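**Q** So here's model_38.txt, just compact mmCIF, C-alpha atoms:
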# COMPACT_ATOMS: atom_id res chain seq x y z
CA MET O 1 0.00 0.00 0.00
CA CYS O 2 1.40 3.37 -1.04
CA ILE O 3 0.52 6.48 1.00
CA LEU O 4 1.02 9.74 -0.81
CA VAL O 5 2.42 12.42 1.47
CA SER O 6 3.16 16.05 0.73
CA MET O 7 5.54 18.60 2.17
CA PHE O 8 4.32 22.00 3.31
CA VAL O 9 5.89 25.10 4.82
CA GLN O 10 4.21 27.78 6.89
CA LEU O 11 5.32 31.16 8.21
CA ALA O 12 3.30 32.39 11.16
CA CYS O 13 3.43 35.65 13.10
CA ALA O 14 1.95 35.07 16.54
CA PHE O 15 1.62 36.73 19.91
CA ARG O 16 2.23 34.57 22.97
CA TYR O 17 0.92 35.98 26.23
CA GLY O 18 1.01 32.98 28.57
CA ARG O 19 3.01 29.95 29.57
CA GLU O 20 3.59 27.40 26.82
CA ASP O 21 3.12 24.41 29.14
CA LEU O 22 -0.53 25.35 29.73
CA ASP O 23 -1.31 24.56 26.08
CA VAL O 24 -1.32 20.84 26.92
CA ILE O 25 -4.38 21.21 29.17
CA GLY O 26 -6.36 23.09 26.53
CA LEU O 27 -5.52 26.64 27.59
CA SER O 28 -4.00 28.35 24.57
CA PHE O 29 -2.17 31.59 25.20
CA ARG O 30 -1.07 32.05 21.60
CA LYS O 31 -2.89 34.19 19.05
CA ASP O 32 -1.97 34.06 15.37
CA ILE O 33 -1.70 37.52 13.87
CA TRP O 34 -0.87 36.37 10.31
CA PHE O 35 0.28 33.23 8.52
CA LYS O 36 1.12 32.07 5.01
CA HIS O 37 1.00 28.46 3.87
CA LEU O 38 2.77 26.91 0.86
CA GLN O 39 3.03 23.43 -0.67
CA LEU O 40 6.59 22.48 -1.58
CA TYR O 41 6.19 18.85 -2.70
CA PRO O 42 4.72 17.74 -5.00
CA ALA O 43 5.58 21.03 -6.70
CA ALA O 44 2.64 23.42 -6.82
CA ASP O 45 2.45 26.97 -8.11
CA HIS O 46 5.14 28.39 -5.82
CA LYS O 47 8.17 29.40 -7.91
CA PRO O 48 10.48 31.65 -5.88
CA THR O 49 13.10 33.94 -7.36
CA LEU O 50 16.37 32.34 -6.34
CA THR O 51 19.01 34.35 -4.51
CA PRO O 52 22.73 33.51 -4.04
CA MET O 53 21.83 32.03 -0.64
CA HIS O 54 19.19 29.80 -2.27
CA ASP O 55 21.77 28.58 -4.79
CA CYS O 56 24.24 27.77 -2.03
CA LEU O 57 21.70 25.87 0.08
CA LEU O 58 20.30 23.95 -2.89
CA LYS O 59 23.79 22.89 -3.86
CA LYS O 60 24.31 21.48 -0.37
CA ALA O 61 20.89 19.78 -0.23
CA GLY O 62 21.13 18.18 -3.65
CA GLU O 63 18.13 16.90 -5.59
CA GLN O 64 15.98 16.66 -2.47
CA GLY O 65 16.22 20.38 -1.79
CA HIS O 66 13.16 22.61 -2.35
CA ALA O 67 13.47 26.40 -2.29
CA PHE O 68 10.80 28.76 -0.96
CA THR O 69 10.40 32.46 -0.22
CA PHE O 70 7.99 34.39 1.99
CA ASP O 71 7.18 38.08 1.60
CA ILE O 72 6.36 39.52 5.02
CA PRO O 73 3.84 42.39 4.87
CA VAL O 74 5.33 45.65 6.13
CA ASN O 75 2.38 46.31 8.43
CA LEU O 76 3.13 43.30 10.63
CA PRO O 77 4.75 43.87 14.04
CA CYS O 78 8.44 43.45 14.68
CA SER O 79 9.75 40.64 16.86
CA VAL O 80 9.50 41.62 20.54
CA THR O 81 10.28 39.46 23.57
CA LEU O 82 9.16 40.23 27.11
CA GLN O 83 12.12 39.38 29.31
CA PRO O 84 11.34 36.43 31.59
CA GLY O 85 12.18 36.44 35.27
CA PRO O 86 15.10 34.43 36.70
CA ASP O 87 12.79 31.55 37.65
CA ASP O 88 10.56 31.56 34.56
CA ALA O 89 10.74 28.52 32.28
CA GLY O 90 9.50 27.85 28.76
CA LYS O 91 9.08 30.11 25.78
CA ALA O 92 9.04 33.84 26.57
CA CYS O 93 5.97 35.97 25.94
CA GLY O 94 5.95 38.36 23.01
CA VAL O 95 5.62 38.54 19.23
CA ASP O 96 7.56 36.02 17.15
CA PHE O 97 7.79 34.62 13.61
CA GLU O 98 8.08 30.86 13.15
CA VAL O 99 8.81 28.89 9.98
CA LYS O 100 7.38 25.38 10.21
CA THR O 101 7.88 22.66 7.60
CA TYR O 102 6.03 19.39 7.86
CA ILE O 103 5.01 16.30 5.91
CA SER O 104 1.39 15.21 5.86
CA ASP O 105 -1.27 13.71 3.64
CA VAL O 106 -3.48 16.79 4.15
CA ALA O 107 -2.77 20.49 3.76
CA ASP O 108 -4.57 21.66 6.90
CA PRO O 109 -1.95 23.61 8.91
CA GLU O 110 -4.11 23.29 12.04
CA GLU O 111 -3.90 19.53 12.24
CA LYS O 112 -2.00 17.94 15.12
CA LEU O 113 1.33 16.78 13.77
CA ASP O 114 3.86 14.37 15.16
CA LYS O 115 7.06 16.16 16.16
CA LYS O 116 9.14 13.78 14.04
CA ASP O 117 7.27 15.02 10.94
CA THR O 118 7.99 18.71 11.57
CA ALA O 119 10.92 21.10 11.65
CA ARG O 120 10.66 24.58 13.17
CA LEU O 121 12.79 27.69 12.91
CA ILE O 122 12.31 31.05 14.64
CA VAL O 123 13.13 34.06 12.48
CA ARG O 124 13.31 37.68 13.55
CA LYS O 125 11.73 40.77 11.98
CA ILE O 126 13.52 44.02 12.78
CA GLN O 127 12.64 47.56 11.79
CA PHE O 128 15.72 49.62 11.01
CA ALA O 129 16.11 53.32 11.63
CA PRO O 130 15.08 55.56 8.74
CA ASP O 131 17.65 57.67 6.95
CA ALA O 132 18.73 60.76 8.84
CA THR O 133 16.35 63.62 8.18
CA GLY O 134 18.48 66.35 9.70
CA ALA O 135 15.64 67.28 12.01
CA PRO O 136 16.73 68.73 15.36
CA GLY O 137 16.40 66.65 18.49
CA PRO O 138 13.59 67.23 20.98
CA LYS O 139 13.75 70.06 23.51
CA ALA O 140 11.73 70.82 26.63
CA ASP O 141 11.87 73.53 29.27
CA ILE O 142 10.14 74.48 32.49
CA CYS O 143 10.13 77.41 34.91
CA LYS O 144 9.40 76.60 38.57
CA SER O 145 8.81 78.97 41.45
CA PHE O 146 9.07 77.96 45.08
CA MET O 147 7.26 79.13 48.17
CA MET O 148 9.08 81.90 50.01
CA SER O 149 11.01 82.77 46.86
CA ASP O 150 10.09 85.47 44.36
CA LYS O 151 12.45 84.15 41.67
CA PRO O 152 12.22 80.83 39.75
CA VAL O 153 14.49 78.07 38.48
CA HIS O 154 14.64 77.71 34.68
CA LEU O 155 15.44 74.23 33.36
CA GLU O 156 15.95 73.36 29.70
CA ALA O 157 16.96 69.96 28.31
CA SER O 158 17.53 68.87 24.71
CA LEU O 159 19.00 66.08 22.57
CA ASP O 160 21.42 66.49 19.67
CA LYS O 161 19.35 64.40 17.25
CA GLU O 162 16.04 62.65 16.80
CA ILE O 163 17.12 58.96 16.62
CA TYR O 164 19.81 57.04 18.50
CA TYR O 165 21.17 53.54 17.89
CA HIS O 166 21.24 50.88 20.60
CA GLY O 167 24.48 51.10 22.59
CA ASP O 168 25.39 54.60 21.42
CA PRO O 169 26.06 57.24 24.09
CA ILE O 170 23.34 59.89 24.38
CA ASN O 171 24.28 63.46 25.20
CA VAL O 172 21.57 65.23 27.20
CA ASN O 173 22.16 68.97 27.02
CA VAL O 174 21.08 70.64 30.26
CA LYS O 175 20.78 74.37 30.86
CA VAL O 176 19.81 75.80 34.25
CA LYS O 177 19.28 79.37 35.38
CA ASN O 178 18.91 79.35 39.16
CA GLU O 179 17.54 82.71 40.27
CA THR O 180 16.51 81.49 43.71
CA THR O 181 18.43 81.49 47.00
CA LYS O 182 18.45 77.67 46.99
CA THR O 183 21.18 75.33 45.75
CA VAL O 184 20.75 72.58 43.20
CA THR O 185 22.78 69.73 44.69
CA LYS O 186 22.64 67.22 41.85
CA ILE O 187 20.94 66.31 38.58
CA LYS O 188 19.21 62.98 38.03
CA VAL O 189 18.61 61.58 34.55
CA THR O 190 16.36 58.55 34.02
CA VAL O 191 15.26 56.63 30.92
CA ASP O 192 11.88 54.90 31.08
CA GLN O 193 10.58 52.23 28.72
CA THR O 194 6.80 52.12 28.28
CA THR O 195 5.31 48.88 26.96
CA ASP O 196 1.71 48.91 25.75
CA VAL O 197 0.24 45.43 25.15
CA VAL O 198 -2.69 46.26 22.87
CA LEU O 199 -3.59 42.93 21.32
CA TYR O 200 -5.53 41.26 24.12
CA SER O 201 -5.88 43.85 26.91
CA ALA O 202 -5.14 47.42 27.91
CA ASP O 203 -1.97 46.37 29.73
CA LYS O 204 0.42 49.33 29.84
CA TYR O 205 3.40 49.61 32.16
CA THR O 206 6.63 51.55 32.52
CA LYS O 207 10.05 50.29 33.65
CA THR O 208 13.15 52.37 34.31
CA VAL O 209 16.10 51.14 32.23
CA LEU O 210 18.58 53.80 33.38
CA CYS O 211 18.86 56.02 36.45
CA GLN O 212 22.02 58.08 36.75
CA GLU O 213 22.87 60.90 39.15
CA PHE O 214 25.39 63.63 38.39
CA GLY O 215 26.95 65.50 41.30
CA GLU O 216 26.68 68.90 39.68
CA THR O 217 26.19 71.78 42.14
CA ILE O 218 24.40 74.89 40.93
CA GLU O 219 24.65 77.66 43.47
CA ALA O 220 22.02 80.31 44.10
CA ASN O 221 21.84 83.06 41.46
CA SER O 222 24.03 81.17 38.99
CA THR O 223 23.76 79.34 35.68
CA PHE O 224 24.72 75.90 34.37
CA ASP O 225 25.22 74.65 30.81
CA LYS O 226 26.61 71.16 30.20
CA SER O 227 26.07 67.91 28.29
CA LEU O 228 25.48 64.82 30.44
CA THR O 229 26.20 61.48 28.76
CA ILE O 230 24.07 58.38 29.35
CA THR O 231 23.90 54.95 27.68
CA PRO O 232 20.85 52.74 28.39
CA LEU O 233 21.84 49.08 27.98
CA LEU O 234 20.18 45.71 28.39
CA ALA O 235 23.31 44.52 30.24
CA ASP O 236 22.28 46.72 33.18
CA ASN O 237 18.71 45.37 33.21
CA LYS O 238 19.06 41.57 32.97
CA GLU O 239 16.93 40.88 36.05
CA LYS O 240 13.90 43.03 35.17
CA ARG O 241 10.97 40.76 34.38
CA GLY O 242 8.67 41.97 31.60
CA LEU O 243 11.15 44.37 30.01
CA ALA O 244 10.58 44.57 26.24
CA LEU O 245 13.51 43.36 24.12
CA ASP O 246 14.12 42.97 20.41
CA GLY O 247 13.28 39.35 19.50
CA ARG O 248 15.84 36.71 20.43
CA LEU O 249 17.27 33.92 18.25
CA LYS O 250 17.98 30.86 20.42
CA ASP O 251 20.25 32.00 23.27
CA GLU O 252 21.83 34.87 21.39
CA ASP O 253 22.00 38.17 23.20
CA THR O 254 19.85 41.03 22.02
CA ASN O 255 19.14 44.60 23.07
CA LEU O 256 16.37 46.71 24.49
CA ALA O 257 13.33 46.74 22.21
CA SER O 258 13.35 49.34 19.48
CA ASN O 259 10.70 52.02 19.37
CA THR O 260 7.51 51.07 17.56
CA ILE O 261 7.18 53.30 14.51
CA MET O 262 3.61 53.68 13.29
CA ARG O 263 3.07 54.03 9.55
CA ASP O 264 0.00 55.49 7.90
CA GLY O 265 -2.77 52.93 7.63
CA MET O 266 -1.32 50.55 10.22
CA ASP O 267 -3.71 48.87 12.64
CA LYS O 268 -2.48 49.60 16.14
CA GLU O 269 -3.95 46.43 17.63
CA VAL O 270 -2.32 44.16 15.05
CA LEU O 271 1.10 45.37 16.23
CA GLY O 272 0.58 43.49 19.49
CA ILE O 273 3.15 45.36 21.60
CA LEU O 274 3.97 49.07 21.34
CA VAL O 275 7.27 50.28 22.80
CA SER O 276 8.37 53.86 23.51
CA TYR O 277 10.99 55.65 25.62
CA LYS O 278 11.32 58.95 27.41
CA ILE O 279 14.16 60.73 29.22
CA LYS O 280 13.42 62.57 32.46
CA VAL O 281 15.78 65.26 33.80
CA ASN O 282 15.30 66.17 37.47
CA LEU O 283 16.93 68.92 39.49
CA MET O 284 17.48 68.00 43.14
CA VAL O 285 17.13 71.24 45.09
CA SER O 286 18.37 71.53 48.66
CA SER O 287 15.42 72.02 50.97
CA GLY O 288 14.36 71.15 54.46
CA GLY O 289 11.05 69.87 53.19
CA LEU O 290 8.46 70.71 50.59
CA LEU O 291 8.97 73.50 48.10
CA GLY O 292 5.62 75.08 47.55
CA GLY O 293 3.95 71.70 47.88
CA LEU O 294 6.43 70.01 45.52
CA THR O 295 9.17 67.58 46.43
CA ALA O 296 12.75 68.52 45.69
CA SER O 297 12.83 66.32 42.59
CA ASP O 298 9.81 67.94 40.95
CA VAL O 299 11.80 70.41 38.87
CA GLN O 300 11.55 68.06 35.93
CA VAL O 301 11.30 67.96 32.15
CA GLU O 302 10.68 64.99 29.84
CA LEU O 303 12.06 64.29 26.37
CA PRO O 304 10.92 61.59 23.91
CA LEU O 305 13.69 59.16 22.96
CA ILE O 306 13.83 56.96 19.86
CA LEU O 307 16.11 53.89 20.05
CA MET O 308 16.52 51.76 16.92
CA ASN O 309 18.93 49.52 15.00
CA PRO O 310 21.04 51.06 12.23
CA LYS O 311 20.23 50.13 8.66
CA PRO O 312 22.62 47.46 7.26
CA GLN O 313 25.16 48.52 4.67
CA GLY O 314 23.70 46.17 2.04
CA LYS O 315 26.24 43.34 2.27
CA VAL O 316 25.07 39.93 1.06
CA ILE O 317 26.13 37.05 3.29
CA VAL O 318 26.39 33.68 1.54
CA LEU O 319 26.74 30.44 3.47
CA PRO O 320 29.94 28.45 2.82
CA ASN O 321 29.76 25.45 0.52
CA GLU O 322 31.07 23.08 3.14
Can the structure in the file be given as structure tokens, please?

**A**
Amino acid sequence: MCILVSMFVQLACAFRYGREDLDVIGLSFRKDIWFKHLQLYPAADHKPTLTPMHDCLLKKAGEQGHAFTFDIPVNLPCSVTLQPGPDDAGKACGVDFEVKTYISDVADPEEKLDKKDTARLIVRKIQFAPDATGAPGPKADICKSFMMSDKPVHLEASLDKEIYYHGDPINVNVKVKNETTKTVTKIKVTVDQTTDVVLYSADKYTKTVLCQEFGETIEANSTFDKSLTITPLLADNKEKRGLALDGRLKDEDTNLASNTIMRDGMDKEVLGILVSYKIKVNLMVSSGGLLGGLTASDVQVELPLILMNPKPQGKVIVLPNE
């Protein structure tokens, strides 16, 4: 008896928001956002345009090799992983892309397949920074008056540019005009990451990824003008559960998640997870207590921050023939 089997390949973009081990008791915490399904054998109507990498892989695979190509729609979300805690096990929550090939006598991608008949591969979708526009970086300022003082403190903060790459130092330009009789004892700069999970609930939370204090003293009736350098890094935040990261590949290291850039016509909910950053600059003013009902750290401005990956230089990487 001869059983005719076929070979299929599927690319799925999905959002996982619960533990993988609960799937076995009928509780599915995975929602497919998009998928594409192709038949590879017997040959159907899929005829991909071969690239140098295709040629190299087909040469290694021999006559049993079958090439395929998927075009990922630009409006799909990028790969984002929510960092698990130290004691968490299983696949991390977040948005991922999975290529699954399998052999079966039916084409239904929803059928339960034996693991020995399938092969899976996680791929990563990354959005690169747009070309430099020459636009100036953001700027914010505030003027605060205190009780028992007829003169205010002026605080202005700005960034040199609009977009920064992961791992690059960020210069925060700070200008202060202290017209009061109080002393600014130090300046605190923090970077907050806000993660908005929009696909299944209104779950929005903020985590601090950098908090740095600068011992700059600004005396009464004086001015200050200086650039303070900060570098938010994942290496300093390895223990923070739920922090949004760019999608991982196996156990490779990654970085803090890039900002979500919305394009015209994009469905916000389909993106699954929205990520944004802001920089807060606080002046710590010497005081025996409250300043006009405000705490000493309430002389504050906020700046939007965009963190992204640089665009590749267009090099083609071909696998070796061996």

**Q** Tell me which of O:Phe146, O:Trp34, O:Tyr17, O:Tyr205 sits closest to Val270 of chain O, counting all atoms listed in the file.

**A**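 Between O:Phe146, O:Trp34, O:Tyr17, O:Tyr205, the residue approaching Val270 of chain O most closely is O:Trp34.
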
**Q** Neighbours of Val198 of chain O within 12 Å (only C-alpha atoms; same-chain residues fewer than 3 positions away dropped), as number ranges by chain?

**A** O: 15, 17, 77, 94-95, 195, 201-205, 267-275

**Q** Please produce a file of the residues just selected, as a PDB file, in the coordinates of the input, where the atoms kept are C-alpha atoms.

**A**
ATOM      1  CA  PHE O  15       1.620  36.730  19.910  1.00  0.00           C
ATOM      2  CA  TYR O  17       0.920  35.980  26.230  1.00  0.00           C
ATOM      3  CA  PRO O  77       4.750  43.870  14.040  1.00  0.00           C
ATOM      4  CA  GLY O  94       5.950  38.360  23.010  1.00  0.00           C
ATOM      5  CA  VAL O  95       5.620  38.540  19.230  1.00  0.00           C
ATOM      6  CA  THR O 195       5.310  48.880  26.960  1.00  0.00           C
ATOM      7  CA  SER O 201      -5.880  43.850  26.910  1.00  0.00           C
ATOM      8  CA  ALA O 202      -5.140  47.420  27.910  1.00  0.00           C
ATOM      9  CA  ASP O 203      -1.970  46.370  29.730  1.00  0.00           C
ATOM     10  CA  LYS O 204       0.420  49.330  29.840  1.00  0.00           C
ATOM     11  CA  TYR O 205       3.400  49.610  32.160  1.00  0.00           C
ATOM     12  CA  ASP O 267      -3.710  48.870  12.640  1.00  0.00           C
ATOM     13  CA  LYS O 268      -2.480  49.600  16.140  1.00  0.00           C
ATOM     14  CA  GLU O 269      -3.950  46.430  17.630  1.00  0.00           C
ATOM     15  CA  VAL O 270      -2.320  44.160  15.050  1.00  0.00           C
ATOM     16  CA  LEU O 271       1.100  45.370  16.230  1.00  0.00           C
ATOM     17  CA  GLY O 272       0.580  43.490  19.490  1.00  0.00           C
ATOM     18  CA  ILE O 273       3.150  45.360  21.600  1.00  0.00           C
ATOM     19  CA  LEU O 274       3.970  49.070  21.340  1.00  0.00           C
ATOM     20  CA  VAL O 275       7.270  50.280  22.800  1.00  0.00           C
TER      21      VAL O 275
END

**Q** For Gly134 of chain O, find every residue with an atom within 12 Å (counting only C-alpha atoms), except residues of its own chain fewer than 4 positions away, and show them as a list of chain:residue names.

**A** O:Pro130, O:Asp160, O:Lys161, O:Glu162, O:Ile163

**Q** With all atoms listed in the file as the counted atoms, please give the residues lying no more than 6 Å from Ile170 of chain O, apart from itself and same-chain residues fewer than 5 positions off, as a PDB file with C-alpha atoms, keeping the file's coordinate frame.

**A**
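Okay, part31.pdb is ready:
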ATOM      1  CA  THR O 229      26.200  61.480  28.760  1.00  0.00           C
ATOM      2  CA  ILE O 230      24.070  58.380  29.350  1.00  0.00           C
ATOM      3  CA  THR O 231      23.900  54.950  27.680  1.00  0.00           C
TER       4      THR O 231
END

**Q** Got a sec: who's within 10 Å of Ser104 of chain O, counting only C-alpha atoms, leaving out chain neighbours fewer than 6 positions off, as a list in words?

**A**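 Residues meeting the cut-off are Leu4, Val5, Ser6, Met7, Phe8, Glu111, Leu113, Asp114, Asp117 and Thr118 of chain O.
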
**Q** Work out how far apart atom CA of Gln83 of chain O and atom CA of Asp253 of chain O are and give it in Å to one decimal.

**A** 11.7 Å

**Q** Which protein, DNA or RNA residues have an atom at most 8 Å from (10.1, 42.9, 31.7), counting only C-alpha atoms? List them as a PyMOL selection string.

**A** chain O and resi 82-85+207+240-244

**Q** Using atom CA of Thr223 of chain O and atom CA of Lys278 of chain O as the two end points, give the distance in Å to one decimal.

**A**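 Taking atom CA of Thr223 of chain O and atom CA of Lys278 of chain O, their separation equals 25.3 Å.
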
**Q** I need the residue nearest Val176 of chain O from this list: O:Asn221, O:Thr254, O:Ser149, O:Thr190. Use only C-alpha atoms for the distance.

**A**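 For Val176 of chain O, the nearest of the candidates is O:Asn221.
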
**Q** Go through O:Gln127, O:Gln10, O:Ser276, O:Ser145 one by one, measure the shortest atom-to-atom distance of each to Met308 of chain O using all atoms listed in the file, and give the residue with the smallest value.

**A**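 Nearest to Met308 of chain O: O:Gln127.
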
**Q** Counting all atoms listed in the file, which residue out of O:Ile122, O:Cys13, O:Ile33, O:Val184 sits closest to Ser222 of chain O?

**A**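 Counting all atoms listed in the file, the residue closest to Ser222 of chain O is O:Val184.
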
**Q** Separation of atom CA of Ala129 of chain O and atom CA of Tyr164 of chain O, in Å?

**A**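 Separation of atom CA of Ala129 of chain O and atom CA of Tyr164 of chain O: 8.6 Å.
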
**Q** Can you tell me which residues surround Tyr41 of chain O at a distance of at most 12 Å, considering all atoms listed in the file, apart from same-chain residues fewer than 2 positions away, and format the answer as a ChimeraX atom specification?

**A** /O:4-9,38-39,43-47,64-68,101-105,107

**Q** Identify which of the residues O:Leu11, O:Leu121, O:Ile261, O:Ala157 lies closest to Asp71 of chain O, counting all atoms listed in the file when measuring atom-to-atom distances.

**A**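 So, comparing all the options, the nearest one is O:Leu11.
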
**Q** Smallest atom-to-atom distance to Lys100 of chain O: which of O:Phe35, O:Gly215, O:Asp168, O:Leu233, using only C-alpha atoms?

**A** O:Phe35

**Q** Would you mind completing segment 202-211 of chain O to all heavy atoms and writing the output as a PDB file, keeping the file's coordinate frame?

**A**
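Dumped everything to selection_21.pdb:
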ATOM      1  N   ALA O 202      -5.706  46.079  27.793  1.00  0.00           N
ATOM      2  CA  ALA O 202      -5.140  47.420  27.910  1.00  0.00           C
ATOM      3  C   ALA O 202      -4.043  47.395  28.974  1.00  0.00           C
ATOM      4  O   ALA O 202      -4.085  48.120  29.961  1.00  0.00           O
ATOM      5  CB  ALA O 202      -6.225  48.419  28.261  1.00  0.00           C
ATOM      6  N   ASP O 203      -3.050  46.556  28.767  1.00  0.00           N
ATOM      7  CA  ASP O 203      -1.970  46.370  29.730  1.00  0.00           C
ATOM      8  C   ASP O 203      -0.813  47.292  29.351  1.00  0.00           C
ATOM      9  O   ASP O 203      -0.128  47.066  28.359  1.00  0.00           O
ATOM     10  CB  ASP O 203      -1.527  44.897  29.723  1.00  0.00           C
ATOM     11  CG  ASP O 203      -0.562  44.587  30.846  1.00  0.00           C
ATOM     12  OD1 ASP O 203      -0.317  45.489  31.665  1.00  0.00           O
ATOM     13  OD2 ASP O 203      -0.054  43.458  30.908  1.00  0.00           O
ATOM     14  N   LYS O 204      -0.617  48.337  30.147  1.00  0.00           N
ATOM     15  CA  LYS O 204       0.420  49.330  29.840  1.00  0.00           C
ATOM     16  C   LYS O 204       1.241  49.552  31.104  1.00  0.00           C
ATOM     17  O   LYS O 204       0.684  49.828  32.167  1.00  0.00           O
ATOM     18  CB  LYS O 204      -0.210  50.627  29.366  1.00  0.00           C
ATOM     19  CG  LYS O 204       0.785  51.676  28.878  1.00  0.00           C
ATOM     20  CD  LYS O 204       0.041  52.861  28.298  1.00  0.00           C
ATOM     21  CE  LYS O 204       0.986  53.898  27.712  1.00  0.00           C
ATOM     22  NZ  LYS O 204       0.257  55.039  27.101  1.00  0.00           N
ATOM     23  N   TYR O 205       2.561  49.429  30.983  1.00  0.00           N
ATOM     24  CA  TYR O 205       3.400  49.610  32.160  1.00  0.00           C
ATOM     25  C   TYR O 205       4.732  50.230  31.755  1.00  0.00           C
ATOM     26  O   TYR O 205       5.152  50.169  30.598  1.00  0.00           O
ATOM     27  CB  TYR O 205       3.619  48.292  32.895  1.00  0.00           C
ATOM     28  CG  TYR O 205       4.151  47.166  32.045  1.00  0.00           C
ATOM     29  CD1 TYR O 205       5.522  46.961  31.917  1.00  0.00           C
ATOM     30  CD2 TYR O 205       3.297  46.307  31.360  1.00  0.00           C
ATOM     31  CE1 TYR O 205       6.016  45.937  31.139  1.00  0.00           C
ATOM     32  CE2 TYR O 205       3.789  45.279  30.576  1.00  0.00           C
ATOM     33  CZ  TYR O 205       5.145  45.093  30.480  1.00  0.00           C
ATOM     34  OH  TYR O 205       5.643  44.076  29.694  1.00  0.00           O
ATOM     35  N   THR O 206       5.380  50.835  32.744  1.00  0.00           N
ATOM     36  CA  THR O 206       6.630  51.550  32.520  1.00  0.00           C
ATOM     37  C   THR O 206       7.711  50.995  33.437  1.00  0.00           C
ATOM     38  O   THR O 206       7.477  50.763  34.627  1.00  0.00           O
ATOM     39  CB  THR O 206       6.450  53.066  32.794  1.00  0.00           C
ATOM     40  OG1 THR O 206       5.498  53.596  31.868  1.00  0.00           O
ATOM     41  CG2 THR O 206       7.761  53.810  32.621  1.00  0.00           C
ATOM     42  N   LYS O 207       8.908  50.779  32.876  1.00  0.00           N
ATOM     43  CA  LYS O 207      10.050  50.290  33.650  1.00  0.00           C
ATOM     44  C   LYS O 207      11.246  51.210  33.381  1.00  0.00           C
ATOM     45  O   LYS O 207      11.501  51.603  32.241  1.00  0.00           O
ATOM     46  CB  LYS O 207      10.391  48.850  33.275  1.00  0.00           C
ATOM     47  CG  LYS O 207       9.307  47.846  33.670  1.00  0.00           C
ATOM     48  CD  LYS O 207       9.721  46.421  33.365  1.00  0.00           C
ATOM     49  CE  LYS O 207       8.634  45.445  33.778  1.00  0.00           C
ATOM     50  NZ  LYS O 207       8.474  45.381  35.240  1.00  0.00           N
ATOM     51  N   THR O 208      11.957  51.529  34.435  1.00  0.00           N
ATOM     52  CA  THR O 208      13.150  52.370  34.310  1.00  0.00           C
ATOM     53  C   THR O 208      14.329  51.509  33.852  1.00  0.00           C
ATOM     54  O   THR O 208      14.659  50.502  34.491  1.00  0.00           O
ATOM     55  CB  THR O 208      13.482  53.047  35.648  1.00  0.00           C
ATOM     56  OG1 THR O 208      12.399  53.911  36.016  1.00  0.00           O
ATOM     57  CG2 THR O 208      14.740  53.883  35.536  1.00  0.00           C
ATOM     58  N   VAL O 209      14.953  51.891  32.750  1.00  0.00           N
ATOM     59  CA  VAL O 209      16.100  51.140  32.230  1.00  0.00           C
ATOM     60  C   VAL O 209      17.422  51.839  32.519  1.00  0.00           C
ATOM     61  O   VAL O 209      18.486  51.250  32.309  1.00  0.00           O
ATOM     62  CB  VAL O 209      15.951  50.880  30.707  1.00  0.00           C
ATOM     63  CG1 VAL O 209      14.727  50.023  30.435  1.00  0.00           C
ATOM     64  CG2 VAL O 209      15.866  52.188  29.930  1.00  0.00           C
ATOM     65  N   LEU O 210      17.364  53.080  32.984  1.00  0.00           N
ATOM     66  CA  LEU O 210      18.580  53.800  33.380  1.00  0.00           C
ATOM     67  C   LEU O 210      18.210  54.861  34.402  1.00  0.00           C
ATOM     68  O   LEU O 210      17.208  55.569  34.233  1.00  0.00           O
ATOM     69  CB  LEU O 210      19.277  54.440  32.177  1.00  0.00           C
ATOM     70  CG  LEU O 210      20.558  55.230  32.469  1.00  0.00           C
ATOM     71  CD1 LEU O 210      21.602  55.021  31.356  1.00  0.00           C
ATOM     72  CD2 LEU O 210      20.279  56.727  32.616  1.00  0.00           C
ATOM     73  N   CYS O 211      19.003  54.960  35.455  1.00  0.00           N
ATOM     74  CA  CYS O 211      18.860  56.020  36.450  1.00  0.00           C
ATOM     75  C   CYS O 211      20.262  56.425  36.873  1.00  0.00           C
ATOM     76  O   CYS O 211      20.985  55.637  37.479  1.00  0.00           O
ATOM     77  CB  CYS O 211      18.031  55.564  37.649  1.00  0.00           C
ATOM     78  SG  CYS O 211      17.773  56.865  38.879  1.00  0.00           S
TER      79      CYS O 211
END
